[in-house]
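Student: This is the content of query_28.cif (mmCIF, C-alpha atoms and all ligand atoms):
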data_protein
#
loop_
_atom_site.label_atom_id
_atom_site.label_comp_id
_atom_site.auth_asym_id
_atom_site.auth_seq_id
_atom_site.Cartn_x
_atom_site.Cartn_y
_atom_site.Cartn_z
CA MET V 1 7.79 57.00 96.14
CA ALA V 2 9.46 57.91 92.87
CA LEU V 3 13.22 58.44 93.00
CA LYS V 4 14.84 61.69 91.92
CA LEU V 5 17.40 61.50 89.15
CA ALA V 6 19.64 64.42 88.13
CA VAL V 7 21.02 64.13 84.60
CA PHE V 8 24.19 66.16 83.91
CA SER V 9 25.53 67.28 80.53
CA ALA V 10 21.98 66.83 79.25
CA LYS V 11 21.25 67.61 75.62
CA SER V 12 17.87 67.67 73.88
CA TYR V 13 18.43 64.13 72.60
CA ASP V 14 19.17 62.81 76.13
CA ARG V 15 15.87 64.24 77.29
CA THR V 16 13.99 62.82 74.28
CA TYR V 17 15.28 59.27 74.69
CA LEU V 18 15.31 59.10 78.52
CA ASP V 19 11.78 60.56 78.74
CA ALA V 20 10.47 58.14 76.11
CA VAL V 21 11.99 55.05 77.78
CA LEU V 22 10.87 56.23 81.24
CA LYS V 23 7.28 56.64 80.04
CA ASP V 24 7.20 53.31 78.18
CA GLN V 25 9.17 51.02 80.47
CA HIS V 26 9.47 52.51 83.99
CA PRO V 27 6.54 54.94 84.39
CA SER V 28 6.77 55.26 88.19
CA LEU V 29 10.54 54.80 88.68
CA CYS V 30 11.75 58.40 88.96
CA THR V 31 11.35 62.05 88.16
CA ILE V 32 14.18 63.53 86.12
CA THR V 33 15.87 66.93 86.39
CA TYR V 34 18.01 67.76 83.37
CA HIS V 35 21.09 69.93 83.84
CA PRO V 36 22.63 71.19 80.58
CA PHE V 37 26.01 71.76 82.27
CA SER V 38 28.59 69.10 83.06
CA LEU V 39 29.18 67.47 86.44
CA SER V 40 32.18 68.99 88.23
CA SER V 41 33.15 70.11 91.72
CA GLU V 42 31.33 73.41 91.03
CA THR V 43 28.07 71.80 89.89
CA ALA V 44 27.96 68.67 92.10
CA PRO V 45 26.10 70.51 94.94
CA LEU V 46 23.19 70.96 92.49
CA ALA V 47 22.48 67.25 92.84
CA HIS V 48 21.12 68.07 96.31
CA GLY V 49 17.85 66.21 96.90
CA SER V 50 18.57 63.61 94.20
CA ASN V 51 18.91 59.90 94.88
CA ALA V 52 20.91 59.29 91.73
CA VAL V 53 22.95 61.19 89.16
CA CYS V 54 23.38 60.31 85.52
CA ALA V 55 26.70 61.37 83.97
CA PHE V 56 28.28 61.24 80.53
CA VAL V 57 31.74 60.55 79.18
CA ASN V 58 33.34 63.96 79.88
CA ASP V 59 31.74 64.58 83.29
CA THR V 60 34.14 64.60 86.25
CA LEU V 61 33.62 62.01 88.97
CA ASP V 62 36.86 62.40 90.88
CA ALA V 63 37.24 62.05 94.65
CA ALA V 64 36.12 65.64 95.36
CA VAL V 65 32.96 65.36 93.25
CA LEU V 66 32.12 61.94 94.72
CA ARG V 67 32.49 63.25 98.27
CA THR V 68 30.20 66.19 97.49
CA LEU V 69 27.60 63.89 95.91
CA HIS V 70 27.81 61.63 98.95
CA GLU V 71 27.23 64.58 101.30
CA THR V 72 24.20 65.70 99.26
CA GLY V 73 22.62 62.25 99.73
CA VAL V 74 23.20 60.76 96.27
CA GLY V 75 23.52 56.96 96.38
CA ALA V 76 23.75 55.88 92.74
CA ILE V 77 25.86 56.97 89.79
CA LEU V 78 24.55 56.00 86.39
CA LEU V 79 27.03 56.40 83.56
CA ARG V 80 25.26 56.67 80.24
CA CYS V 81 28.42 55.58 78.41
CA ALA V 82 30.67 52.53 78.13
CA GLU V 83 33.67 54.21 79.67
CA PHE V 84 34.31 54.67 83.38
CA ASN V 85 37.85 56.06 83.37
CA ASN V 86 36.37 59.43 84.45
CA VAL V 87 35.26 57.85 87.77
CA ASP V 88 37.46 57.33 90.81
CA LEU V 89 36.13 53.83 91.45
CA ARG V 90 38.20 53.33 94.59
CA VAL V 91 36.60 56.34 96.27
CA ALA V 92 33.16 55.38 94.90
CA GLU V 93 33.58 51.96 96.48
CA GLU V 94 34.81 53.47 99.76
CA LEU V 95 31.73 55.74 99.93
CA GLY V 96 29.36 52.87 99.11
CA PHE V 97 28.09 54.25 95.80
CA PHE V 98 26.27 52.08 93.34
CA VAL V 99 28.02 52.75 90.00
CA ALA V 100 26.75 51.26 86.76
CA ASN V 101 27.47 51.93 83.11
CA VAL V 102 26.18 50.92 79.68
CA PRO V 103 28.93 48.53 78.59
CA SER V 104 27.63 47.98 75.10
CA TYR V 105 25.32 49.94 72.86
CA SER V 106 25.28 49.31 69.18
CA PRO V 107 28.94 48.45 68.52
CA GLU V 108 27.91 48.48 64.87
CA ALA V 109 27.11 52.21 65.15
CA VAL V 110 30.74 52.92 66.15
CA ALA V 111 32.18 50.49 63.59
CA GLU V 112 30.08 51.98 60.78
CA PHE V 113 31.14 55.50 61.76
CA THR V 114 34.80 54.40 61.82
CA VAL V 115 34.54 53.40 58.17
CA ALA V 116 32.61 56.57 57.29
CA LEU V 117 35.32 58.70 58.92
CA LEU V 118 38.14 56.75 57.28
CA GLN V 119 36.62 56.98 53.83
CA THR V 120 35.75 60.66 54.24
CA LEU V 121 39.43 61.30 54.97
CA ASN V 122 40.78 58.91 52.38
CA ARG V 123 38.54 60.13 49.53
CA ASN V 124 38.39 63.78 50.71
CA ILE V 125 34.59 63.85 50.69
CA HIS V 126 34.45 66.66 53.29
CA ARG V 127 36.65 68.86 51.11
CA ALA V 128 34.77 67.95 47.92
CA TYR V 129 31.48 68.93 49.60
CA ASN V 130 32.78 72.46 50.21
CA ARG V 131 34.52 72.78 46.84
CA VAL V 132 31.43 71.76 44.83
CA ARG V 133 29.25 74.22 46.74
CA GLU V 134 31.53 76.97 45.45
CA GLY V 135 31.22 75.76 41.87
CA ASN V 136 34.72 74.27 41.90
CA PHE V 137 34.74 70.79 40.37
CA ASN V 138 38.54 70.43 40.27
CA LEU V 139 39.81 67.08 41.63
CA GLU V 140 43.34 68.28 42.48
CA GLY V 141 44.28 67.18 46.01
CA PHE V 142 41.51 64.58 46.32
CA LEU V 143 43.48 61.48 45.30
CA GLY V 144 42.74 58.57 47.63
CA VAL V 145 43.58 54.88 47.79
CA THR V 146 41.38 51.86 47.03
CA LEU V 147 40.76 49.93 50.25
CA HIS V 148 40.39 46.60 48.44
CA GLY V 149 43.63 44.65 48.84
CA LYS V 150 45.05 46.94 51.55
CA THR V 151 46.15 45.61 54.94
CA PHE V 152 43.81 46.81 57.67
CA GLY V 153 45.08 46.64 61.27
CA ILE V 154 42.61 46.59 64.16
CA ILE V 155 43.99 47.19 67.66
CA GLY V 156 41.47 45.67 70.10
CA THR V 157 39.07 42.96 68.96
CA GLY V 158 36.22 43.48 71.42
CA ARG V 159 32.66 44.24 70.38
CA ILE V 160 33.50 47.25 68.19
CA GLY V 161 36.74 45.83 66.77
CA LEU V 162 34.93 42.69 65.63
CA ALA V 163 31.98 44.66 64.20
CA LEU V 164 34.57 46.60 62.19
CA ALA V 165 36.32 43.35 61.17
CA ARG V 166 33.06 42.17 59.55
CA ILE V 167 32.82 45.38 57.50
CA VAL V 168 36.50 45.39 56.55
CA ARG V 169 36.19 41.85 55.27
CA GLY V 170 33.48 43.09 52.91
CA PHE V 171 35.88 45.68 51.50
CA GLY V 172 38.28 42.92 50.52
CA CYS V 173 41.08 44.08 52.83
CA LYS V 174 43.70 41.82 54.37
CA LEU V 175 42.76 41.90 58.05
CA ILE V 176 45.29 41.76 60.90
CA ALA V 177 44.60 42.49 64.56
CA SER V 178 46.36 42.72 67.88
CA ASP V 179 44.76 42.08 71.26
CA PRO V 180 46.55 40.76 74.38
CA LYS V 181 43.35 39.05 75.57
CA PRO V 182 41.19 38.33 72.54
CA GLY V 183 37.77 36.84 73.11
CA LEU V 184 38.24 34.37 70.27
CA SER V 185 40.92 31.93 69.12
CA ASP V 186 43.27 32.39 66.16
CA GLU V 187 41.26 29.76 64.33
CA GLU V 188 37.89 31.42 65.05
CA PHE V 189 39.27 34.78 63.93
CA ARG V 190 40.61 33.24 60.71
CA ASN V 191 37.47 31.24 59.93
CA GLU V 192 34.80 33.76 60.97
CA TYR V 193 36.49 37.05 60.03
CA GLY V 194 39.23 36.10 57.60
CA GLY V 195 41.73 37.77 59.96
CA GLU V 196 45.05 36.97 61.58
CA PHE V 197 46.25 37.90 65.07
CA VAL V 198 49.73 39.45 65.17
CA ASP V 199 51.67 41.34 67.83
CA LEU V 200 51.48 45.13 67.93
CA PRO V 201 54.87 45.87 66.28
CA THR V 202 54.00 43.52 63.40
CA LEU V 203 50.59 45.13 62.99
CA LEU V 204 52.15 48.60 62.89
CA GLN V 205 54.78 47.50 60.37
CA GLN V 206 52.30 45.82 58.00
CA ALA V 207 49.08 47.83 58.14
CA ASP V 208 48.12 50.46 55.56
CA ILE V 209 45.30 51.51 57.87
CA VAL V 210 45.48 51.30 61.68
CA SER V 211 42.24 51.59 63.66
CA LEU V 212 42.12 51.79 67.47
CA HIS V 213 39.44 49.86 69.40
CA CYS V 214 41.04 49.11 72.77
CA PRO V 215 40.02 50.74 76.04
CA LEU V 216 42.05 53.49 77.69
CA THR V 217 44.12 52.05 80.54
CA ASP V 218 47.53 52.80 82.04
CA LEU V 219 48.93 50.31 79.52
CA THR V 220 47.23 51.74 76.43
CA ARG V 221 47.63 55.48 77.16
CA HIS V 222 49.65 56.93 74.25
CA ILE V 223 49.85 53.52 72.59
CA ILE V 224 50.30 55.66 69.47
CA SER V 225 53.60 57.22 70.53
CA THR V 226 56.51 58.54 68.47
CA GLU V 227 58.14 55.12 68.73
CA ASN V 228 55.06 53.32 67.45
CA LEU V 229 54.37 55.93 64.76
CA ASN V 230 57.91 55.30 63.49
CA ARG V 231 57.14 51.57 63.31
CA MET V 232 54.21 52.28 60.98
CA LYS V 233 54.44 52.14 57.20
CA LYS V 234 55.30 55.57 55.86
CA GLY V 235 52.08 57.19 54.67
CA ALA V 236 49.71 54.83 56.55
CA LEU V 237 46.35 56.13 57.77
CA LEU V 238 45.40 56.18 61.46
CA VAL V 239 41.82 56.17 62.78
CA ASN V 240 40.83 56.65 66.41
CA THR V 241 37.16 56.32 67.40
CA SER V 242 38.05 54.81 70.77
CA ARG V 243 39.51 57.13 73.41
CA GLY V 244 41.51 60.30 72.79
CA ALA V 245 44.44 59.57 75.07
CA LEU V 246 45.34 56.41 73.15
CA VAL V 247 47.08 58.85 70.81
CA ASP V 248 49.95 61.17 71.79
CA THR V 249 48.69 64.28 70.01
CA LYS V 250 52.09 66.03 69.84
CA ALA V 251 53.62 62.90 68.33
CA VAL V 252 50.95 62.60 65.59
CA ILE V 253 51.29 66.28 64.72
CA LYS V 254 55.04 65.72 64.19
CA ALA V 255 54.35 62.57 62.17
CA LEU V 256 51.83 64.40 59.97
CA LYS V 257 54.30 67.25 59.42
CA SER V 258 57.09 64.87 58.42
CA GLY V 259 54.82 62.77 56.19
CA GLN V 260 55.47 59.61 58.24
CA LEU V 261 51.72 59.52 58.91
CA GLY V 262 49.69 59.74 55.70
CA GLY V 263 46.41 60.78 57.29
CA LEU V 264 44.61 60.99 60.60
CA ALA V 265 40.90 60.55 61.33
CA LEU V 266 39.84 61.28 64.91
CA ASP V 267 36.47 61.08 66.62
CA VAL V 268 38.09 61.49 70.02
CA TYR V 269 40.81 63.75 71.33
CA GLU V 270 42.84 63.53 74.54
CA GLU V 271 41.80 66.98 75.79
CA GLU V 272 38.27 66.77 74.39
CA GLY V 273 36.60 67.36 77.78
CA ALA V 274 37.13 71.12 77.54
CA TYR V 275 35.35 71.50 74.18
CA PHE V 276 33.45 68.50 72.86
CA TYR V 277 29.63 68.44 72.92
CA ASN V 278 29.41 72.23 73.17
CA ASP V 279 29.45 75.19 70.78
CA HIS V 280 32.69 77.19 71.13
CA SER V 281 32.40 78.86 67.73
CA GLN V 282 32.25 82.38 69.25
CA GLU V 283 35.39 81.88 71.37
CA ILE V 284 39.11 81.86 70.78
CA ILE V 285 39.94 78.20 71.31
CA GLY V 286 43.04 77.99 73.50
CA ASP V 287 44.04 74.41 72.63
CA ASP V 288 46.82 74.94 70.09
CA ALA V 289 47.30 71.23 69.39
CA LEU V 290 43.62 70.76 68.51
CA MET V 291 43.66 73.85 66.32
CA ARG V 292 46.86 72.66 64.60
CA LEU V 293 45.26 69.28 63.93
CA VAL V 294 42.24 70.77 62.17
CA THR V 295 44.46 72.73 59.76
CA PHE V 296 46.03 69.65 58.15
CA PRO V 297 44.42 68.82 54.81
CA ASN V 298 44.99 65.14 55.64
CA ALA V 299 43.49 65.20 59.15
CA LEU V 300 39.83 65.06 60.07
CA VAL V 301 38.42 65.62 63.55
CA CYS V 302 34.86 64.89 64.71
CA GLY V 303 33.44 65.59 68.16
CA HIS V 304 32.95 62.10 69.65
CA GLN V 305 29.87 61.20 67.65
CA ALA V 306 30.54 57.61 66.56
CA PHE V 307 27.89 56.29 68.97
CA PHE V 308 25.29 58.84 67.87
CA THR V 309 22.46 56.86 66.27
CA LYS V 310 18.79 56.54 67.21
CA GLU V 311 19.31 52.87 68.02
CA ALA V 312 22.28 53.53 70.30
CA LEU V 313 20.49 56.36 72.15
CA THR V 314 17.50 54.09 72.74
CA GLU V 315 19.76 51.36 74.12
CA ILE V 316 21.67 53.82 76.32
CA ALA V 317 18.44 55.22 77.83
CA ALA V 318 16.94 51.74 78.34
CA THR V 319 20.06 50.32 80.02
CA THR V 320 20.58 53.43 82.19
CA LEU V 321 17.03 53.29 83.57
CA ALA V 322 17.16 49.48 83.96
CA ASN V 323 20.34 49.97 86.04
CA LEU V 324 18.48 52.49 88.24
CA GLN V 325 15.55 50.08 88.60
CA ASP V 326 17.95 47.31 89.72
CA TRP V 327 19.44 49.61 92.34
CA ALA V 328 16.02 50.79 93.52
CA GLU V 329 14.85 47.19 93.96
CA GLU V 330 18.18 46.12 95.49
CA ARG V 331 18.61 43.32 92.99
CA PRO V 332 21.88 42.33 91.31
CA CYS V 333 22.74 44.60 88.40
CA LYS V 334 24.85 43.10 85.63
CA ASN V 335 26.26 46.51 84.71
CA SER V 336 27.31 47.49 88.22
CA LEU V 337 30.99 48.41 88.51
CA VAL V 338 30.99 48.53 92.31
CA ARG V 339 29.11 45.72 93.93
CA GLU V 340 28.93 44.44 97.47
CA GLY V 341 32.21 45.93 98.57
CA TYR V 342 34.43 44.96 95.67
CA LEU V 343 35.15 46.40 92.28
CA VAL V 344 33.86 44.59 89.26
CA ILE V 345 35.86 45.26 86.13
CA PRO V 346 34.35 44.16 82.82
CA LYS V 347 36.25 41.78 80.62
CA GLY V 348 38.99 43.40 78.59
CA LYS V 349 39.66 46.24 81.06
CA GLU V 350 42.70 46.43 83.26
CA PRO V 351 41.91 45.40 86.85
CA VAL V 352 41.72 48.19 89.39
CA ARG V 353 43.35 47.19 92.70
CA ILE V 354 41.74 48.41 95.89
P1 LIG Q 401 35.45 45.87 74.53
O1 LIG Q 401 35.71 45.88 76.00
O2 LIG Q 401 34.37 44.99 73.98
O3 LIG Q 401 36.80 45.50 73.74
C1 LIG Q 401 38.03 46.07 74.01
C2 LIG Q 401 39.10 45.09 73.53
O4 LIG Q 401 40.36 45.74 73.63
C3 LIG Q 401 39.18 43.80 74.36
O5 LIG Q 401 39.13 42.66 73.52
C4 LIG Q 401 40.54 43.91 75.06
O6 LIG Q 401 41.17 42.65 75.28
C5 LIG Q 401 41.29 44.75 74.04
N1 LIG Q 401 42.50 45.36 74.58
C6 LIG Q 401 42.80 45.72 75.86
N2 LIG Q 401 44.05 46.20 75.92
C7 LIG Q 401 44.56 46.13 74.66
C8 LIG Q 401 45.81 46.47 74.09
N3 LIG Q 401 46.82 46.95 74.83
N4 LIG Q 401 45.98 46.26 72.75
C9 LIG Q 401 44.99 45.76 71.99
N5 LIG Q 401 43.79 45.40 72.49
C10 LIG Q 401 43.57 45.60 73.80
O7 LIG Q 401 35.19 47.39 74.14
P2 LIG Q 401 34.30 47.93 72.90
O8 LIG Q 401 32.86 47.95 73.29
O9 LIG Q 401 34.72 47.24 71.66
O10 LIG Q 401 34.80 49.45 72.88
C11 LIG Q 401 36.14 49.79 72.49
C12 LIG Q 401 36.38 51.23 72.85
O11 LIG Q 401 35.56 52.08 72.02
C13 LIG Q 401 35.91 51.58 74.28
O12 LIG Q 401 36.93 51.38 75.19
C14 LIG Q 401 35.53 53.03 74.17
O13 LIG Q 401 36.62 53.77 74.64
C15 LIG Q 401 35.31 53.29 72.69
N6 LIG Q 401 33.96 53.78 72.36
C16 LIG Q 401 33.87 54.93 71.63
C17 LIG Q 401 32.62 55.42 71.25
C18 LIG Q 401 32.49 56.67 70.42
O14 LIG Q 401 31.38 57.23 70.32
N7 LIG Q 401 33.54 57.17 69.79
C19 LIG Q 401 31.47 54.72 71.64
C20 LIG Q 401 31.60 53.54 72.39
C21 LIG Q 401 32.86 53.08 72.75
#
Once you've parsed the file, please lay out its structure as structure tokens.
Ligand code: NAD
Tutor:
Amino acid sequence: MALKLAVFSAKSYDRTYLDAVLKDQHPSLCTITYHPFSLSSETAPLAHGSNAVCAFVNDTLDAAVLRTLHETGVGAILLRCAEFNNVDLRVAEELGFFVANVPSYSPEAVAEFTVALLQTLNRNIHRAYNRVREGNFNLEGFLGVTLHGKTFGIIGTGRIGLALARIVRGFGCKLIASDPKPGLSDEEFRNEYGGEFVDLPTLLQQADIVSLHCPLTDLTRHIISTENLNRMKKGALLVNTSRGALVDTKAVIKALKSGQLGGLALDVYEEEGAYFYNDHSQEIIGDDALMRLVTFPNALVCGHQAFFTKEALTEIAATTLANLQDWAEERPCKNSLVREGYLVIPKGKEPVRI
């Protein structure tokens, strides 16, 4: 009998890609109910009657939600994202949930967006777009820098960091990177990417552009702190397409105000869960830090869209349903985070002790 899957935070594009992959690759696996609202302690009871739930990056899967899902008979949690820091894995393990994610989907999509965001900020393309539409062809305020010859610092050389390294090399930048557990040797990084591994303080001191590509862990939370912002070159640009809480928002606002930070391009924001992926244009937005950020002429904020390409959505849907199929057939799932009574933490993430 077909399983029942409840998809939370569902948008039209989730429906399009999940329905298409279901029809093509798993026609009798499940029936899907799409909920447009996010998963939280208020909405978790609506999973009643489902065997599995599918959640996204800003859904809540804390102990209370997991216990409610368990009581309603849900057995599997399918994350249609790479992250899992929104899941209490210890409680999931304790309750015997199957939890799987999509560890990689088009790292190139995120790397390409990182460069698009950086260059939009650097060359003021977003402001030029508006100015030209009003018949104003003045260039005052649009002065940027040439990337060629600049020092580009990548923090985290996993799949996305390395995809970015390939692009940055093409720009003719000097590439430096920091990663406590890189997946390649100094020699491989030098020969294949033209880059050099350095420690974090050195990277911050030397880079004209700093781009974040490490996961969010207890060790990386607020890695961009006042102390580290002060280590950076005055006027350097900072890009974050990784996770919002890598950056201490109050500290970057101060650094932008003082001119220590030359520009900030964000696709993610530490308190994004309250706003991102939904239209709040008719409301008074209560997050003063977010609203302050969007007023800087040298800051640019996007709503967590770096992954958002047709190719990535196809991969996300295919992996999510393949994970469900593995669970349904009780076969080993390579993307399972909780497996046979112990937690499985993918390479590069901090271990979670249970
Ligand atoms: P990955 O696991 O392949 O690589 C992460 C790398 O970071 C690893 O090499 C790891 O050793 C390194 N790292 C860990 N701690 C570090 C530290 N303190 N300093 C420097 N490096 C450190 O991950 P990935 O697939 O490249 O993804 C990177 C991040 O991008 C993810 O964690 C996710 O948060 C984010 N992401 C964002 C979007 C988006 O749409 N904006 C989409 C996908 C992923």
Student: Report as a PyMOL selection string which protein, DNA and RNA residues come within 8 Å of ligand LIG 401 (chain Q), using all atoms listed in the file.
Tutor: chain V and resi 81-83+103-105+107+110+155-162+178-183+200+212-217+219-220+223+241-243+267-268+304-308+346-350
Student: Sort by chain and increasing residue number a table of all residues of segment 2-111 of chain V within 7 Å of segment 328-341 of chain V, each with its closest pair of atoms and their distance in Å to one decimal, counting only C-alpha atoms, and write it as a tab-separated table.
Tutor:
residue	atom	partner	partner_atom	distance
V:Glu93	CA	V:Val338	CA	6.0
V:Phe98	CA	V:Val338	CA	6.0
V:Val99	CA	V:Leu337	CA	5.5
V:Ala100	CA	V:Ser336	CA	4.1
V:Asn101	CA	V:Asn335	CA	5.8
V:Val102	CA	V:Asn335	CA	6.7
V:Pro103	CA	V:Asn335	CA	7.0
Student: Of the residues V:Thr314, V:Asn86, V:Pro297, V:Pro36, which is the one nearest to Ile125 of chain V, using only C-alpha atoms?
Tutor: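 Checking each candidate against Ile125 of chain V, we get V:Pro297 as the closest.
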Student: What is the distance between atom CA of Ser211 of chain V and atom CA of Leu237 of chain V, in Å to one decimal?
Tutor: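 Computing the Euclidean distance for atom CA of Ser211 of chain V and atom CA of Leu237 of chain V yields 8.5 Å.
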Student: Ranking V:Arg231, V:Ala165, V:Gly303, V:Leu256 by minimum distance to His280 of chain V and counting all atoms listed in the file, which one comes first?
Tutor: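 Among the listed residues, V:Gly303 lies closest to His280 of chain V.
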Student: Quick one: residues within 10 Å of segment 49-57 of chain V, all atoms listed in the file counted, chain neighbours fewer than 5 positions away excluded, as a VMD selection string?
Tutor: chain V and resid 2 to 10 30 to 34 38 to 39 44 69 to 70 72 to 87 97 to 101 273 304 320 to 321 324 327 to 328
Student: I'd like to know which of V:Ala274, V:Leu264, V:Ala251, V:Arg15 is closest to Ser40 of chain V, using all atoms listed in the file.
Tutor: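 Residue with the minimum atom-to-atom distance to Ser40 of chain V: V:Ala274.
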Student: Which of these, V:Ala245, V:Val145, V:Val168, V:Val21, has the shortest distance to Ala322 of chain V once you count all atoms listed in the file?
Tutor: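 Among the listed residues, V:Val21 lies closest to Ala322 of chain V.
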Student: Measuring between all atoms listed in the file, which one of V:Gln205, V:Gln325, V:Asn130, V:Ser12 shows the shortest distance to Ser28 of chain V?
Tutor: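 The answer is V:Gln325, which sits nearest to Ser28 of chain V.
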Student: Pick out the residues sitting within 8 Å of segment 170-172 of chain V, and hand them over as a list in words; count only C-alpha atoms, and ignore anything fewer than 6 positions along from it in its own chain.
Tutor: Leu147, His148, Gly149 and Lys150 of chain V
Student: Could you state the separation of atom CA of Asp248 of chain V and atom CA of Asn298 of chain V in Å, given to one decimal place?
Tutor: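 Straight-line distance from atom CA of Asp248 of chain V to atom CA of Asn298 of chain V works out to 17.4 Å.
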Student: Here is a test: counting all atoms listed in the file, which residue of V:Arg131, V:Lys254, V:Arg90, V:His126 is nearest to Ala63 of chain V?
Tutor: V:Arg90
Student: Kindly give the distance, in Å, that separates atom CA of Glu71 of chain V and atom CA of Val344 of chain V, rounded to a single decimal.
Tutor: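 These atoms are spaced 24.3 Å apart.
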Student: Because the input lacks atoms here, generate N, CA, C and O atoms for segment 318-329 of chain V and report them as a compact mmCIF listing (two decimals), in the coordinates of the input.
Tutor:
# COMPACT_ATOMS: atom_id res chain seq x y z
N ALA V 318 17.58 52.93 77.76
CA ALA V 318 16.94 51.74 78.34
C ALA V 318 17.85 51.09 79.39
O ALA V 318 17.40 50.72 80.48
N THR V 319 19.14 50.97 79.08
CA THR V 319 20.06 50.32 80.02
C THR V 319 20.26 51.20 81.26
O THR V 319 20.31 50.71 82.39
N THR V 320 20.37 52.51 81.06
CA THR V 320 20.58 53.43 82.19
C THR V 320 19.41 53.32 83.18
O THR V 320 19.62 53.21 84.40
N LEU V 321 18.19 53.34 82.67
CA LEU V 321 17.03 53.29 83.57
C LEU V 321 16.84 51.88 84.16
O LEU V 321 16.40 51.74 85.30
N ALA V 322 17.22 50.85 83.41
CA ALA V 322 17.16 49.48 83.96
C ALA V 322 18.18 49.35 85.10
O ALA V 322 17.90 48.70 86.13
N ASN V 323 19.34 49.98 84.96
CA ASN V 323 20.34 49.97 86.04
C ASN V 323 19.77 50.64 87.29
O ASN V 323 19.94 50.15 88.41
N LEU V 324 19.07 51.77 87.10
CA LEU V 324 18.48 52.49 88.24
C LEU V 324 17.40 51.62 88.90
O LEU V 324 17.32 51.55 90.13
N GLN V 325 16.62 50.96 88.07
CA GLN V 325 15.55 50.08 88.60
C GLN V 325 16.16 48.95 89.45
O GLN V 325 15.67 48.63 90.53
N ASP V 326 17.26 48.37 88.95
CA ASP V 326 17.95 47.31 89.72
C ASP V 326 18.38 47.82 91.08
O ASP V 326 18.21 47.17 92.11
N TRP V 327 18.97 49.03 91.07
CA TRP V 327 19.44 49.61 92.34
C TRP V 327 18.27 49.87 93.27
O TRP V 327 18.33 49.54 94.46
N ALA V 328 17.20 50.44 92.70
CA ALA V 328 16.02 50.79 93.52
C ALA V 328 15.43 49.54 94.17
O ALA V 328 14.96 49.58 95.31
N GLU V 329 15.46 48.44 93.44
CA GLU V 329 14.85 47.19 93.96
C GLU V 329 15.88 46.30 94.65
O GLU V 329 15.59 45.14 94.97
